[in-house]
$ cat target.cif   # mmCIF, C-alpha atoms
data_entry
#
loop_
_atom_site.group_PDB
_atom_site.id
_atom_site.type_symbol
_atom_site.label_atom_id
_atom_site.label_comp_id
_atom_site.auth_asym_id
_atom_site.auth_seq_id
_atom_site.Cartn_x
_atom_site.Cartn_y
_atom_site.Cartn_z
ATOM 1 C CA MET A 19 -48.013 -19.845 25.748
ATOM 2 C CA VAL A 20 -47.532 -23.493 24.874
ATOM 3 C CA THR A 21 -48.818 -25.141 21.706
ATOM 4 C CA TYR A 22 -48.809 -28.927 21.960
ATOM 5 C CA SER A 23 -49.463 -31.104 18.902
ATOM 6 C CA ILE A 24 -51.654 -34.119 19.547
ATOM 7 C CA SER A 25 -50.157 -37.275 18.086
ATOM 8 C CA GLY A 26 -52.186 -40.112 16.598
ATOM 9 C CA GLY A 27 -53.622 -42.394 19.236
ATOM 10 C CA GLU A 28 -53.066 -39.886 22.036
ATOM 11 C CA THR A 29 -56.154 -39.111 24.108
ATOM 12 C CA ALA A 30 -57.232 -35.566 24.872
ATOM 13 C CA VAL A 31 -56.347 -36.075 28.526
ATOM 14 C CA GLU A 32 -52.845 -37.282 27.653
ATOM 15 C CA ALA A 33 -52.421 -34.268 25.376
ATOM 16 C CA LEU A 34 -53.622 -31.850 28.067
ATOM 17 C CA ILE A 35 -51.180 -33.321 30.571
ATOM 18 C CA GLY A 36 -48.379 -33.197 27.991
ATOM 19 C CA ALA A 37 -49.090 -29.540 27.246
ATOM 20 C CA PHE A 38 -49.070 -28.573 30.912
ATOM 21 C CA GLU A 39 -45.908 -30.600 31.565
ATOM 22 C CA ALA A 40 -44.213 -28.587 28.802
ATOM 23 C CA LEU A 41 -45.287 -25.432 30.641
ATOM 24 C CA GLU A 42 -44.665 -26.651 34.181
ATOM 25 C CA PRO A 43 -42.843 -29.987 34.645
ATOM 26 C CA ASP A 44 -44.259 -30.696 38.130
ATOM 27 C CA VAL A 45 -47.901 -30.169 37.133
ATOM 28 C CA GLN A 46 -48.800 -33.687 38.343
ATOM 29 C CA ALA A 47 -47.860 -32.640 41.890
ATOM 30 C CA ARG A 48 -50.525 -29.927 42.071
ATOM 31 C CA GLU A 49 -53.107 -30.210 44.814
ATOM 32 C CA ARG A 50 -56.009 -29.974 42.335
ATOM 33 C CA THR A 51 -55.857 -32.467 39.509
ATOM 34 C CA LEU A 52 -56.931 -32.168 35.912
ATOM 35 C CA TYR A 53 -59.987 -34.224 36.862
ATOM 36 C CA ASP A 54 -61.030 -31.427 39.255
ATOM 37 C CA HIS A 55 -61.220 -28.989 36.313
ATOM 38 C CA VAL A 56 -62.767 -30.946 33.485
ATOM 39 C CA ALA A 57 -64.825 -34.069 32.850
ATOM 40 C CA THR A 58 -61.960 -35.967 31.271
ATOM 41 C CA ASP A 59 -64.074 -38.789 29.830
ATOM 42 C CA ALA A 60 -66.297 -36.250 28.075
ATOM 43 C CA VAL A 61 -63.302 -34.384 26.641
ATOM 44 C CA ASP A 62 -61.809 -37.637 25.331
ATOM 45 C CA GLU A 63 -65.137 -38.522 23.697
ATOM 46 C CA LEU A 64 -65.470 -35.079 22.096
ATOM 47 C CA LEU A 65 -62.034 -35.262 20.543
ATOM 48 C CA ALA A 66 -62.558 -38.840 19.376
ATOM 49 C CA ALA A 67 -65.603 -37.739 17.345
ATOM 50 C CA GLU A 68 -65.213 -37.297 13.611
ATOM 51 C CA THR A 69 -66.423 -33.677 13.666
ATOM 52 C CA ALA A 70 -64.349 -30.533 14.000
ATOM 53 C CA ILE A 71 -64.248 -29.250 17.546
ATOM 54 C CA ARG A 72 -62.852 -26.285 19.421
ATOM 55 C CA LEU A 73 -63.130 -26.425 23.198
ATOM 56 C CA GLU A 74 -62.220 -23.392 25.298
ATOM 57 C CA ILE A 75 -61.761 -24.082 29.017
ATOM 58 C CA VAL A 76 -59.793 -22.799 31.993
ATOM 59 C CA ILE A 77 -57.479 -25.226 33.773
ATOM 60 C CA TRP A 78 -55.306 -24.176 36.713
ATOM 61 C CA GLN A 79 -56.269 -20.581 35.867
ATOM 62 C CA HIS A 80 -54.794 -20.919 32.348
ATOM 63 C CA PRO A 81 -57.073 -20.373 29.361
ATOM 64 C CA VAL A 82 -56.859 -23.497 27.190
ATOM 65 C CA VAL A 83 -58.007 -24.069 23.600
ATOM 66 C CA LEU A 84 -58.306 -27.698 22.589
ATOM 67 C CA THR A 85 -58.874 -28.937 19.045
ATOM 68 C CA ARG A 86 -58.408 -32.378 17.504
ATOM 69 C CA GLU A 87 -54.883 -31.337 16.436
ATOM 70 C CA THR A 88 -53.522 -29.126 19.228
ATOM 71 C CA VAL A 89 -53.706 -27.970 22.813
ATOM 72 C CA GLU A 90 -52.911 -24.294 23.361
ATOM 73 C CA VAL A 91 -52.229 -23.203 26.927
ATOM 74 C CA TYR A 92 -52.105 -19.455 27.527
ATOM 75 C CA ALA A 93 -50.580 -17.459 30.372
ATOM 76 C CA VAL A 94 -52.693 -16.828 33.447
ATOM 77 C CA PRO A 95 -54.423 -13.491 32.836
ATOM 78 C CA ASP A 96 -53.654 -10.574 35.131
ATOM 79 C CA ALA A 97 -56.359 -10.068 37.724
#

$ encode --input "target.cif" --output "structure tokens"
Amino acid sequence: MVTYSISGGETAVEALIGAFEALEPDVQARERTLYDHVATDAVDELLAAETAIRLEIVIWQHPVVLTRETVEVYAVPDA
């Protein structure tokens, strides 16, 4: 698992990419992009809101939990 702390001014999309790069440095070279998995504009807007949020999604088969403070990327579950 990777826990990535979101820094001030960093968008949710930048944080998601940073978390996956910590897990797998060549993540940008994948055939399917982050944009294929999630509506990135919507995620950025959700995290920019002043309310507490917890978003649970699956990206590249990894369960991901996204809050305003962190991105947690978990191992791909066994099938």

$ residues_around --input "target.cif" --residues "segment 87-97 of chain A" --least-positions-apart "5" --cutoff "6 Å" --atoms "all atoms listed in the file" --output "ChimeraX atom specification"
/A:19-24,79-82

$ residues_around --input "target.cif" --residues "Thr85 of chain A" --least-positions-apart "4" --cutoff "8 Å" --atoms "all atoms listed in the file" --output "list in words"
Leu65, Ala70, Ile71, Arg72, Leu73 and Val89 of chain A

$ residues_near_point --input "target.cif" --point "(-49.4, -30.6, 33.6)" --cutoff "12 Å" --atoms "all atoms listed in the file" --output "NGL selection string"
:A and (20 or 22 or 31-53 or 77-78 or 80 or 89 or 91)

$ write_last_selection --input "target.cif" --atoms "C-alpha atoms" --output "compact mmCIF listing (two decimals), keeping the file's coordinate frame"
# COMPACT_ATOMS: atom_id res chain seq x y z
CA VAL A 20 -47.53 -23.49 24.87
CA TYR A 22 -48.81 -28.93 21.96
CA VAL A 31 -56.35 -36.08 28.53
CA GLU A 32 -52.84 -37.28 27.65
CA ALA A 33 -52.42 -34.27 25.38
CA LEU A 34 -53.62 -31.85 28.07
CA ILE A 35 -51.18 -33.32 30.57
CA GLY A 36 -48.38 -33.20 27.99
CA ALA A 37 -49.09 -29.54 27.25
CA PHE A 38 -49.07 -28.57 30.91
CA GLU A 39 -45.91 -30.60 31.56
CA ALA A 40 -44.21 -28.59 28.80
CA LEU A 41 -45.29 -25.43 30.64
CA GLU A 42 -44.66 -26.65 34.18
CA PRO A 43 -42.84 -29.99 34.65
CA ASP A 44 -44.26 -30.70 38.13
CA VAL A 45 -47.90 -30.17 37.13
CA GLN A 46 -48.80 -33.69 38.34
CA ALA A 47 -47.86 -32.64 41.89
CA ARG A 48 -50.52 -29.93 42.07
CA GLU A 49 -53.11 -30.21 44.81
CA ARG A 50 -56.01 -29.97 42.34
CA THR A 51 -55.86 -32.47 39.51
CA LEU A 52 -56.93 -32.17 35.91
CA TYR A 53 -59.99 -34.22 36.86
CA ILE A 77 -57.48 -25.23 33.77
CA TRP A 78 -55.31 -24.18 36.71
CA HIS A 80 -54.79 -20.92 32.35
CA VAL A 89 -53.71 -27.97 22.81
CA VAL A 91 -52.23 -23.20 26.93

$ atom_distance --input "target.cif" --atom1 "atom CA of Leu64 of chain A" --atom2 "atom CA of Arg86 of chain A"
8.8 Å

$ atom_distance --input "target.cif" --atom1 "atom CA of Thr69 of chain A" --atom2 "atom CA of Ala57 of chain A"
19.3 Å

$ atom_distance --input "target.cif" --atom1 "atom CA of Ala30 of chain A" --atom2 "atom CA of Asp62 of chain A"
5.0 Å

$ build_atoms --input "target.cif" --residues "segment 24-45 of chain A" --atoms "N, CA and C atoms" --output "CSV table (one decimal), in the frame of the given file"
chain,number,residue,atom,x,y,z
A,24,ILE,N,-51.1,-32.8,19.1
A,24,ILE,CA,-51.7,-34.1,19.5
A,24,ILE,C,-51.2,-35.2,18.5
A,25,SER,N,-50.6,-36.2,19.0
A,25,SER,CA,-50.2,-37.3,18.1
A,25,SER,C,-51.3,-38.3,17.9
A,26,GLY,N,-51.2,-39.1,16.9
A,26,GLY,CA,-52.2,-40.1,16.6
A,26,GLY,C,-52.3,-41.1,17.7
A,27,GLY,N,-53.4,-41.4,18.2
A,27,GLY,CA,-53.6,-42.4,19.2
A,27,GLY,C,-53.6,-41.8,20.6
A,28,GLU,N,-53.2,-40.6,20.7
A,28,GLU,CA,-53.1,-39.9,22.0
A,28,GLU,C,-54.4,-39.4,22.4
A,29,THR,N,-54.9,-39.6,23.7
A,29,THR,CA,-56.2,-39.1,24.1
A,29,THR,C,-56.1,-37.6,24.4
A,30,ALA,N,-57.2,-37.0,24.5
A,30,ALA,CA,-57.2,-35.6,24.9
A,30,ALA,C,-56.6,-35.3,26.2
A,31,VAL,N,-56.9,-36.2,27.2
A,31,VAL,CA,-56.3,-36.1,28.5
A,31,VAL,C,-54.8,-36.2,28.5
A,32,GLU,N,-54.3,-37.1,27.8
A,32,GLU,CA,-52.8,-37.3,27.7
A,32,GLU,C,-52.2,-36.0,27.0
A,33,ALA,N,-52.9,-35.5,26.0
A,33,ALA,CA,-52.4,-34.3,25.4
A,33,ALA,C,-52.5,-33.1,26.3
A,34,LEU,N,-53.5,-32.9,27.1
A,34,LEU,CA,-53.6,-31.8,28.1
A,34,LEU,C,-52.5,-31.9,29.1
A,35,ILE,N,-52.3,-33.1,29.6
A,35,ILE,CA,-51.2,-33.3,30.6
A,35,ILE,C,-49.8,-33.0,29.9
A,36,GLY,N,-49.6,-33.5,28.7
A,36,GLY,CA,-48.4,-33.2,28.0
A,36,GLY,C,-48.2,-31.7,27.8
A,37,ALA,N,-49.2,-31.0,27.4
A,37,ALA,CA,-49.1,-29.5,27.2
A,37,ALA,C,-48.7,-28.8,28.6
A,38,PHE,N,-49.4,-29.2,29.6
A,38,PHE,CA,-49.1,-28.6,30.9
A,38,PHE,C,-47.7,-29.0,31.4
A,39,GLU,N,-47.3,-30.2,31.2
A,39,GLU,CA,-45.9,-30.6,31.6
A,39,GLU,C,-44.9,-29.8,30.8
A,40,ALA,N,-45.1,-29.4,29.6
A,40,ALA,CA,-44.2,-28.6,28.8
A,40,ALA,C,-44.1,-27.2,29.4
A,41,LEU,N,-45.2,-26.7,30.0
A,41,LEU,CA,-45.3,-25.4,30.6
A,41,LEU,C,-44.7,-25.5,32.1
A,42,GLU,N,-45.0,-26.5,32.8
A,42,GLU,CA,-44.7,-26.7,34.2
A,42,GLU,C,-44.4,-28.1,34.5
A,43,PRO,N,-43.2,-28.6,34.5
A,43,PRO,CA,-42.8,-30.0,34.6
A,43,PRO,C,-43.5,-30.7,35.8
A,44,ASP,N,-43.7,-30.0,36.9
A,44,ASP,CA,-44.3,-30.7,38.1
A,44,ASP,C,-45.8,-30.5,38.2
A,45,VAL,N,-46.5,-30.4,37.1
A,45,VAL,CA,-47.9,-30.2,37.1
A,45,VAL,C,-48.6,-31.3,37.8
